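**Q** So here's entry_13.cif (mmCIF, N, CA and C atoms).
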```cif
data_entry
loop_
_atom_site.label_atom_id
_atom_site.label_comp_id
_atom_site.auth_asym_id
_atom_site.auth_seq_id
_atom_site.Cartn_x
_atom_site.Cartn_y
_atom_site.Cartn_z
N MET V 1 -12.54 0.32 -11.22
CA MET V 1 -11.92 0.86 -12.40
C MET V 1 -11.10 -0.24 -13.05
N ARG V 2 -11.21 -0.33 -14.32
CA ARG V 2 -10.45 -1.33 -15.09
C ARG V 2 -9.30 -0.62 -15.78
N VAL V 3 -8.09 -1.18 -15.61
CA VAL V 3 -6.89 -0.60 -16.18
C VAL V 3 -6.17 -1.69 -16.96
N ARG V 4 -5.61 -1.33 -18.10
CA ARG V 4 -4.83 -2.28 -18.89
C ARG V 4 -3.40 -1.78 -19.00
N PRO V 5 -2.61 -2.01 -17.95
CA PRO V 5 -1.22 -1.55 -18.01
C PRO V 5 -0.34 -2.48 -18.82
N VAL V 6 0.75 -1.95 -19.30
CA VAL V 6 1.77 -2.75 -19.97
C VAL V 6 2.96 -2.78 -19.02
N LEU V 7 3.29 -3.97 -18.53
CA LEU V 7 4.36 -4.12 -17.56
C LEU V 7 5.46 -4.98 -18.14
N GLU V 8 6.68 -4.64 -17.80
CA GLU V 8 7.80 -5.50 -18.14
C GLU V 8 8.19 -6.23 -16.87
N VAL V 9 7.92 -7.52 -16.83
CA VAL V 9 8.20 -8.33 -15.65
C VAL V 9 9.47 -9.12 -15.90
N PRO V 10 10.53 -8.83 -15.15
CA PRO V 10 11.79 -9.55 -15.37
C PRO V 10 11.67 -11.02 -14.97
N ASP V 11 12.54 -11.83 -15.53
CA ASP V 11 12.50 -13.26 -15.23
C ASP V 11 12.69 -13.53 -13.75
N SER V 12 13.48 -12.72 -13.05
CA SER V 12 13.68 -12.94 -11.61
C SER V 12 12.36 -12.78 -10.86
N ALA V 13 11.54 -11.80 -11.24
CA ALA V 13 10.23 -11.62 -10.61
C ALA V 13 9.30 -12.77 -10.97
N ARG V 14 9.36 -13.24 -12.20
CA ARG V 14 8.52 -14.37 -12.61
C ARG V 14 8.90 -15.64 -11.85
N ARG V 15 10.20 -15.81 -11.56
CA ARG V 15 10.63 -16.97 -10.76
C ARG V 15 10.08 -16.87 -9.34
N MET V 16 10.15 -15.67 -8.76
CA MET V 16 9.64 -15.48 -7.40
C MET V 16 8.13 -15.73 -7.34
N ILE V 17 7.40 -15.25 -8.31
CA ILE V 17 5.94 -15.47 -8.34
C ILE V 17 5.65 -16.96 -8.51
N ALA V 18 6.44 -17.64 -9.32
CA ALA V 18 6.24 -19.09 -9.51
C ALA V 18 6.50 -19.84 -8.20
N ARG V 19 7.45 -19.35 -7.41
CA ARG V 19 7.71 -19.99 -6.11
C ARG V 19 6.58 -19.71 -5.12
N ILE V 20 6.05 -18.49 -5.17
CA ILE V 20 4.95 -18.12 -4.27
C ILE V 20 3.68 -18.87 -4.64
N ARG V 21 3.44 -19.05 -5.92
CA ARG V 21 2.24 -19.71 -6.43
C ARG V 21 2.61 -21.04 -7.07
N PRO V 22 2.99 -22.05 -6.29
CA PRO V 22 3.45 -23.31 -6.87
C PRO V 22 2.36 -24.06 -7.64
N ASP V 23 1.08 -23.75 -7.37
CA ASP V 23 -0.02 -24.43 -8.07
C ASP V 23 -0.27 -23.85 -9.46
N GLY V 24 0.31 -22.69 -9.76
CA GLY V 24 0.09 -22.04 -11.04
C GLY V 24 0.89 -22.69 -12.15
N LYS V 25 0.44 -22.46 -13.39
CA LYS V 25 1.16 -23.01 -14.55
C LYS V 25 2.50 -22.31 -14.70
N ARG V 26 3.47 -23.07 -15.18
CA ARG V 26 4.81 -22.54 -15.41
C ARG V 26 5.14 -22.64 -16.87
N THR V 27 6.15 -21.92 -17.27
CA THR V 27 6.56 -21.96 -18.67
C THR V 27 7.34 -23.23 -18.96
N VAL V 28 7.53 -23.49 -20.24
CA VAL V 28 8.28 -24.66 -20.66
C VAL V 28 9.74 -24.53 -20.25
N ARG V 29 10.24 -23.30 -20.19
CA ARG V 29 11.66 -23.08 -19.85
C ARG V 29 11.96 -23.33 -18.39
N GLY V 30 10.99 -23.57 -17.58
CA GLY V 30 11.28 -23.83 -16.17
C GLY V 30 10.32 -23.13 -15.25
N ALA V 31 10.82 -22.78 -14.08
CA ALA V 31 9.98 -22.23 -13.03
C ALA V 31 9.73 -20.74 -13.21
N LEU V 32 9.17 -20.37 -14.34
CA LEU V 32 8.77 -18.99 -14.58
C LEU V 32 7.25 -18.93 -14.62
N ALA V 33 6.66 -17.98 -13.89
CA ALA V 33 5.22 -17.84 -13.89
C ALA V 33 4.74 -17.37 -15.26
N THR V 34 3.61 -17.89 -15.68
CA THR V 34 3.03 -17.49 -16.96
C THR V 34 2.35 -16.13 -16.81
N ARG V 35 1.93 -15.58 -17.92
CA ARG V 35 1.24 -14.29 -17.93
C ARG V 35 0.00 -14.33 -17.02
N THR V 36 -0.78 -15.39 -17.13
CA THR V 36 -2.00 -15.51 -16.33
C THR V 36 -1.69 -15.55 -14.84
N VAL V 37 -0.64 -16.26 -14.45
CA VAL V 37 -0.28 -16.36 -13.04
C VAL V 37 0.22 -15.01 -12.53
N VAL V 38 0.98 -14.29 -13.35
CA VAL V 38 1.46 -12.95 -12.95
C VAL V 38 0.27 -12.02 -12.75
N ILE V 39 -0.68 -12.05 -13.66
CA ILE V 39 -1.87 -11.20 -13.55
C ILE V 39 -2.65 -11.53 -12.29
N SER V 40 -2.86 -12.82 -12.01
CA SER V 40 -3.62 -13.19 -10.81
C SER V 40 -2.87 -12.80 -9.54
N TYR V 41 -1.54 -12.91 -9.55
CA TYR V 41 -0.74 -12.50 -8.39
C TYR V 41 -0.89 -11.00 -8.14
N LEU V 42 -0.77 -10.20 -9.21
CA LEU V 42 -0.90 -8.76 -9.06
C LEU V 42 -2.31 -8.37 -8.61
N GLN V 43 -3.32 -9.08 -9.10
CA GLN V 43 -4.69 -8.80 -8.69
C GLN V 43 -4.87 -9.09 -7.20
N GLU V 44 -4.27 -10.17 -6.71
CA GLU V 44 -4.33 -10.47 -5.28
C GLU V 44 -3.69 -9.37 -4.46
N ARG V 45 -2.55 -8.85 -4.91
CA ARG V 45 -1.87 -7.76 -4.20
C ARG V 45 -2.78 -6.53 -4.15
N LEU V 46 -3.43 -6.20 -5.27
CA LEU V 46 -4.32 -5.04 -5.30
C LEU V 46 -5.52 -5.24 -4.39
N ASN V 47 -6.04 -6.47 -4.34
CA ASN V 47 -7.17 -6.74 -3.46
C ASN V 47 -6.78 -6.56 -2.00
N ARG V 48 -5.56 -6.96 -1.65
CA ARG V 48 -5.10 -6.77 -0.27
C ARG V 48 -4.92 -5.29 0.05
N LEU V 49 -4.47 -4.50 -0.92
CA LEU V 49 -4.36 -3.06 -0.70
C LEU V 49 -5.74 -2.46 -0.44
N SER V 50 -6.74 -2.94 -1.15
CA SER V 50 -8.10 -2.45 -0.94
C SER V 50 -8.58 -2.75 0.46
N ALA V 51 -8.18 -3.89 1.00
CA ALA V 51 -8.57 -4.25 2.36
C ALA V 51 -7.93 -3.32 3.39
N LEU V 52 -6.79 -2.72 3.05
CA LEU V 52 -6.10 -1.81 3.96
C LEU V 52 -6.52 -0.36 3.78
N SER V 53 -7.50 -0.10 2.95
CA SER V 53 -7.85 1.27 2.58
C SER V 53 -8.14 2.21 3.74
N PRO V 54 -8.63 1.78 4.90
CA PRO V 54 -8.84 2.76 5.97
C PRO V 54 -7.56 3.49 6.37
N TRP V 55 -6.38 2.93 6.10
CA TRP V 55 -5.14 3.59 6.47
C TRP V 55 -4.92 4.86 5.68
N TRP V 56 -5.37 4.91 4.46
CA TRP V 56 -5.10 6.11 3.66
C TRP V 56 -6.38 6.66 3.04
N ASP V 57 -7.48 6.37 3.66
CA ASP V 57 -8.76 6.86 3.17
C ASP V 57 -8.76 8.38 3.17
N ASP V 58 -9.38 8.97 2.16
CA ASP V 58 -9.42 10.43 2.04
C ASP V 58 -10.59 11.07 2.78
N GLU V 59 -11.03 10.44 3.82
CA GLU V 59 -12.12 10.97 4.63
C GLU V 59 -11.68 12.31 5.24
N PRO V 60 -12.53 13.33 5.15
CA PRO V 60 -12.13 14.64 5.69
C PRO V 60 -12.00 14.59 7.22
N LEU V 61 -11.11 15.42 7.73
CA LEU V 61 -10.91 15.49 9.18
C LEU V 61 -12.02 16.31 9.82
N SER V 62 -12.34 15.97 11.04
CA SER V 62 -13.32 16.75 11.80
C SER V 62 -12.64 18.06 12.22
N PRO V 63 -13.41 19.07 12.64
CA PRO V 63 -12.79 20.33 13.08
C PRO V 63 -11.79 20.13 14.24
N ASP V 64 -12.10 19.23 15.17
CA ASP V 64 -11.18 18.97 16.28
C ASP V 64 -9.89 18.35 15.77
N GLU V 65 -10.00 17.40 14.82
CA GLU V 65 -8.81 16.76 14.25
C GLU V 65 -7.96 17.77 13.49
N GLN V 66 -8.62 18.70 12.78
CA GLN V 66 -7.90 19.73 12.05
C GLN V 66 -7.11 20.62 12.99
N SER V 67 -7.74 21.05 14.09
CA SER V 67 -7.02 21.93 15.03
C SER V 67 -5.89 21.18 15.72
N ASP V 68 -6.09 19.88 16.03
CA ASP V 68 -5.02 19.08 16.63
C ASP V 68 -3.85 18.94 15.66
N ALA V 69 -4.16 18.70 14.39
CA ALA V 69 -3.10 18.55 13.38
C ALA V 69 -2.34 19.86 13.20
N ARG V 70 -3.05 20.98 13.17
CA ARG V 70 -2.38 22.28 13.04
C ARG V 70 -1.45 22.55 14.22
N ALA V 71 -1.94 22.24 15.43
CA ALA V 71 -1.11 22.44 16.62
C ALA V 71 0.13 21.54 16.58
N ALA V 72 -0.05 20.31 16.13
CA ALA V 72 1.08 19.38 16.05
C ALA V 72 2.10 19.86 15.02
N VAL V 73 1.62 20.35 13.88
CA VAL V 73 2.52 20.84 12.83
C VAL V 73 3.30 22.06 13.33
N GLU V 74 2.62 22.96 14.03
CA GLU V 74 3.31 24.14 14.58
C GLU V 74 4.38 23.72 15.58
N THR V 75 4.07 22.76 16.44
CA THR V 75 5.03 22.29 17.43
C THR V 75 6.22 21.63 16.75
N LEU V 76 5.96 20.78 15.75
CA LEU V 76 7.04 20.10 15.05
C LEU V 76 7.90 21.08 14.25
N ARG V 77 7.28 22.10 13.65
CA ARG V 77 8.06 23.10 12.90
C ARG V 77 8.95 23.90 13.85
N SER V 78 8.40 24.24 15.03
CA SER V 78 9.21 24.99 15.99
C SER V 78 10.36 24.14 16.53
N ALA V 79 10.21 22.81 16.45
CA ALA V 79 11.29 21.91 16.88
C ALA V 79 12.30 21.69 15.76
N GLY V 80 12.08 22.32 14.59
CA GLY V 80 13.05 22.24 13.50
C GLY V 80 12.88 21.04 12.58
N LYS V 81 11.71 20.39 12.61
CA LYS V 81 11.47 19.24 11.75
C LYS V 81 11.18 19.68 10.33
N THR V 82 11.59 18.86 9.35
CA THR V 82 11.32 19.15 7.94
C THR V 82 9.89 18.77 7.59
N ASP V 83 9.43 19.24 6.43
CA ASP V 83 8.08 18.90 5.98
C ASP V 83 7.92 17.39 5.81
N THR V 84 8.95 16.73 5.33
CA THR V 84 8.90 15.29 5.14
C THR V 84 8.73 14.57 6.48
N GLU V 85 9.47 15.00 7.49
CA GLU V 85 9.36 14.40 8.81
C GLU V 85 7.99 14.66 9.43
N ILE V 86 7.46 15.84 9.21
CA ILE V 86 6.13 16.18 9.73
C ILE V 86 5.07 15.33 9.06
N ARG V 87 5.16 15.20 7.73
CA ARG V 87 4.20 14.38 6.99
C ARG V 87 4.25 12.93 7.46
N ALA V 88 5.45 12.41 7.66
CA ALA V 88 5.59 11.02 8.14
C ALA V 88 4.99 10.87 9.52
N TRP V 89 5.19 11.84 10.38
CA TRP V 89 4.63 11.78 11.73
C TRP V 89 3.11 11.80 11.68
N LEU V 90 2.55 12.68 10.85
CA LEU V 90 1.09 12.75 10.73
C LEU V 90 0.50 11.44 10.19
N LEU V 91 1.16 10.84 9.20
CA LEU V 91 0.67 9.56 8.66
C LEU V 91 0.74 8.46 9.71
N LEU V 92 1.80 8.47 10.51
CA LEU V 92 1.93 7.47 11.57
C LEU V 92 0.83 7.65 12.61
N GLN V 93 0.54 8.89 12.97
CA GLN V 93 -0.53 9.13 13.94
C GLN V 93 -1.88 8.69 13.39
N ARG V 94 -2.10 8.94 12.10
CA ARG V 94 -3.37 8.53 11.48
C ARG V 94 -3.50 7.01 11.49
N ALA V 95 -2.40 6.31 11.19
CA ALA V 95 -2.42 4.84 11.20
C ALA V 95 -2.70 4.33 12.60
N ARG V 96 -2.08 4.93 13.60
CA ARG V 96 -2.34 4.52 14.99
C ARG V 96 -3.79 4.74 15.36
N TYR V 97 -4.34 5.88 14.94
CA TYR V 97 -5.73 6.17 15.23
C TYR V 97 -6.65 5.15 14.55
N ASP V 98 -6.36 4.83 13.29
CA ASP V 98 -7.18 3.88 12.55
C ASP V 98 -7.11 2.49 13.17
N LEU V 99 -5.92 2.11 13.65
CA LEU V 99 -5.77 0.79 14.26
C LEU V 99 -6.51 0.67 15.59
N ARG V 100 -6.65 1.78 16.31
CA ARG V 100 -7.38 1.74 17.57
C ARG V 100 -8.84 1.35 17.36
N GLY V 101 -9.39 1.75 16.22
CA GLY V 101 -10.80 1.47 15.95
C GLY V 101 -11.06 0.06 15.48
N THR V 102 -10.02 -0.72 15.17
CA THR V 102 -10.21 -2.09 14.69
C THR V 102 -9.83 -3.07 15.79
N SER V 103 -10.47 -4.20 15.78
CA SER V 103 -10.09 -5.26 16.73
C SER V 103 -9.12 -6.19 16.05
N VAL V 104 -8.04 -6.48 16.71
CA VAL V 104 -7.00 -7.32 16.12
C VAL V 104 -7.14 -8.73 16.61
#
```
Render the structure in this file as structure tokens.
**A**
Amino acid sequence: MRVRPVLEVPDSARRMIARIRPDGKRTVRGALATRTVVISYLQERLNRLSALSPWWDDEPLSPDEQSDARAAVETLRSAGKTDTEIRAWLLLQRARYDLRGTSV
């Protein structure tokens, strides 16, 4: 998908990007990253997010995973946990499960 966002990048962020990408062109005013360097930096960040996609992939759960998740949610609710805490716990378990399948 191609998106054309309009971003306001403060000078402090442009300085940090210029430090991270020392080979990129800088502005006449000093160590500020140019528009092109900012765009390439943001594109690199998005590409890295794509590489991490198995962590939040919307793949449906199997019936066994669904029943395990329901049981875990019931146990956590009976322990007095909030919905936010339960959601965080489920995401952490999913990340652990995803990491088990990859070789580090």
**Q** Provide the atom C of Arg4 of chain V to atom C of Ile39 of chain V distance in Å, to one decimal place.
**A**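 Calculated distance between atom C of Arg4 of chain V and atom C of Ile39 of chain V is 11.9 Å.
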**Q** When you draw a straight line from atom C of Pro60 of chain V to atom CA of Ala72 of chain V, how long is it in Å?
**A**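 That distance, rounded to one decimal, is 16.5 Å.
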**Q** One decimal, Å: what's the distance from atom C of Ala71 of chain V over to atom CA of Leu92 of chain V, could you say?
**A**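 So the answer is 15.0 Å.
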**Q** Within 6 Å of segment 14-18 of chain V, counting only N, CA and C atoms, which residues show up once you throw out same-chain ones fewer than 5 positions away? Write them as a PyMOL selection string, please.
**A** chain V and resi 9+31-33
**Q** Give me, as a ChimeraX atom specification, the residues of chain V that a backbone DSSP run labels alpha helix (DSSP H).
**A** /V:11-20,35-51,63-78,83-100
**Q** Can you pull out every residue within 7 Å of Val37 of chain V, counting only C-alpha atoms, but drop anything in the same chain fewer than 3 positions away, and send it as an mmCIF file with N, CA and C atoms, in the coordinates of the input?
**A**
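File written: part_23.cif
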```cif
data_model
loop_
_atom_site.group_PDB
_atom_site.id
_atom_site.type_symbol
_atom_site.label_atom_id
_atom_site.label_comp_id
_atom_site.auth_asym_id
_atom_site.auth_seq_id
_atom_site.Cartn_x
_atom_site.Cartn_y
_atom_site.Cartn_z
ATOM 1 N N GLY V 24 0.310 -22.690 -9.760
ATOM 2 C CA GLY V 24 0.090 -22.040 -11.040
ATOM 3 C C GLY V 24 0.890 -22.690 -12.150
ATOM 4 N N LYS V 25 0.440 -22.460 -13.390
ATOM 5 C CA LYS V 25 1.160 -23.010 -14.550
ATOM 6 C C LYS V 25 2.500 -22.310 -14.700
ATOM 7 N N ALA V 33 6.660 -17.980 -13.890
ATOM 8 C CA ALA V 33 5.220 -17.840 -13.890
ATOM 9 C C ALA V 33 4.740 -17.370 -15.260
ATOM 10 N N THR V 34 3.610 -17.890 -15.680
ATOM 11 C CA THR V 34 3.030 -17.490 -16.960
ATOM 12 C C THR V 34 2.350 -16.130 -16.810
ATOM 13 N N SER V 40 -2.860 -12.820 -12.010
ATOM 14 C CA SER V 40 -3.620 -13.190 -10.810
ATOM 15 C C SER V 40 -2.870 -12.800 -9.540
ATOM 16 N N TYR V 41 -1.540 -12.910 -9.550
ATOM 17 C CA TYR V 41 -0.740 -12.500 -8.390
ATOM 18 C C TYR V 41 -0.890 -11.000 -8.140
#
```
**Q** Excluding segment 42-51 of chain V and any residue of its chain fewer than 6 positions from it, enumerate the residues within 12 Å of it, using only C-alpha atoms, and give them as an MDAnalysis selection string.
**A** chainID V and resid 1:3 5 7 9 13:14 17 21 33 35:36 57
**Q** Those same residues, written as a short mmCIF file (atom, residue, chain, number, x, y, z; two decimals), keeping the file's coordinate frame with N, CA and C atoms?
**A**
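Listed below is the output, out.cif:
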```
data_model
loop_
_atom_site.label_atom_id
_atom_site.label_comp_id
_atom_site.auth_asym_id
_atom_site.auth_seq_id
_atom_site.Cartn_x
_atom_site.Cartn_y
_atom_site.Cartn_z
N MET V 1 -12.54 0.32 -11.22
CA MET V 1 -11.92 0.86 -12.40
C MET V 1 -11.10 -0.24 -13.05
N ARG V 2 -11.21 -0.33 -14.32
CA ARG V 2 -10.45 -1.33 -15.09
C ARG V 2 -9.30 -0.62 -15.78
N VAL V 3 -8.09 -1.18 -15.61
CA VAL V 3 -6.89 -0.60 -16.18
C VAL V 3 -6.17 -1.69 -16.96
N PRO V 5 -2.61 -2.01 -17.95
CA PRO V 5 -1.22 -1.55 -18.01
C PRO V 5 -0.34 -2.48 -18.82
N LEU V 7 3.29 -3.97 -18.53
CA LEU V 7 4.36 -4.12 -17.56
C LEU V 7 5.46 -4.98 -18.14
N VAL V 9 7.92 -7.52 -16.83
CA VAL V 9 8.20 -8.33 -15.65
C VAL V 9 9.47 -9.12 -15.90
N ALA V 13 11.54 -11.80 -11.24
CA ALA V 13 10.23 -11.62 -10.61
C ALA V 13 9.30 -12.77 -10.97
N ARG V 14 9.36 -13.24 -12.20
CA ARG V 14 8.52 -14.37 -12.61
C ARG V 14 8.90 -15.64 -11.85
N ILE V 17 7.40 -15.25 -8.31
CA ILE V 17 5.94 -15.47 -8.34
C ILE V 17 5.65 -16.96 -8.51
N ARG V 21 3.44 -19.05 -5.92
CA ARG V 21 2.24 -19.71 -6.43
C ARG V 21 2.61 -21.04 -7.07
N ALA V 33 6.66 -17.98 -13.89
CA ALA V 33 5.22 -17.84 -13.89
C ALA V 33 4.74 -17.37 -15.26
N ARG V 35 1.93 -15.58 -17.92
CA ARG V 35 1.24 -14.29 -17.93
C ARG V 35 0.00 -14.33 -17.02
N THR V 36 -0.78 -15.39 -17.13
CA THR V 36 -2.00 -15.51 -16.33
C THR V 36 -1.69 -15.55 -14.84
N ASP V 57 -7.48 6.37 3.66
CA ASP V 57 -8.76 6.86 3.17
C ASP V 57 -8.76 8.38 3.17
#
```
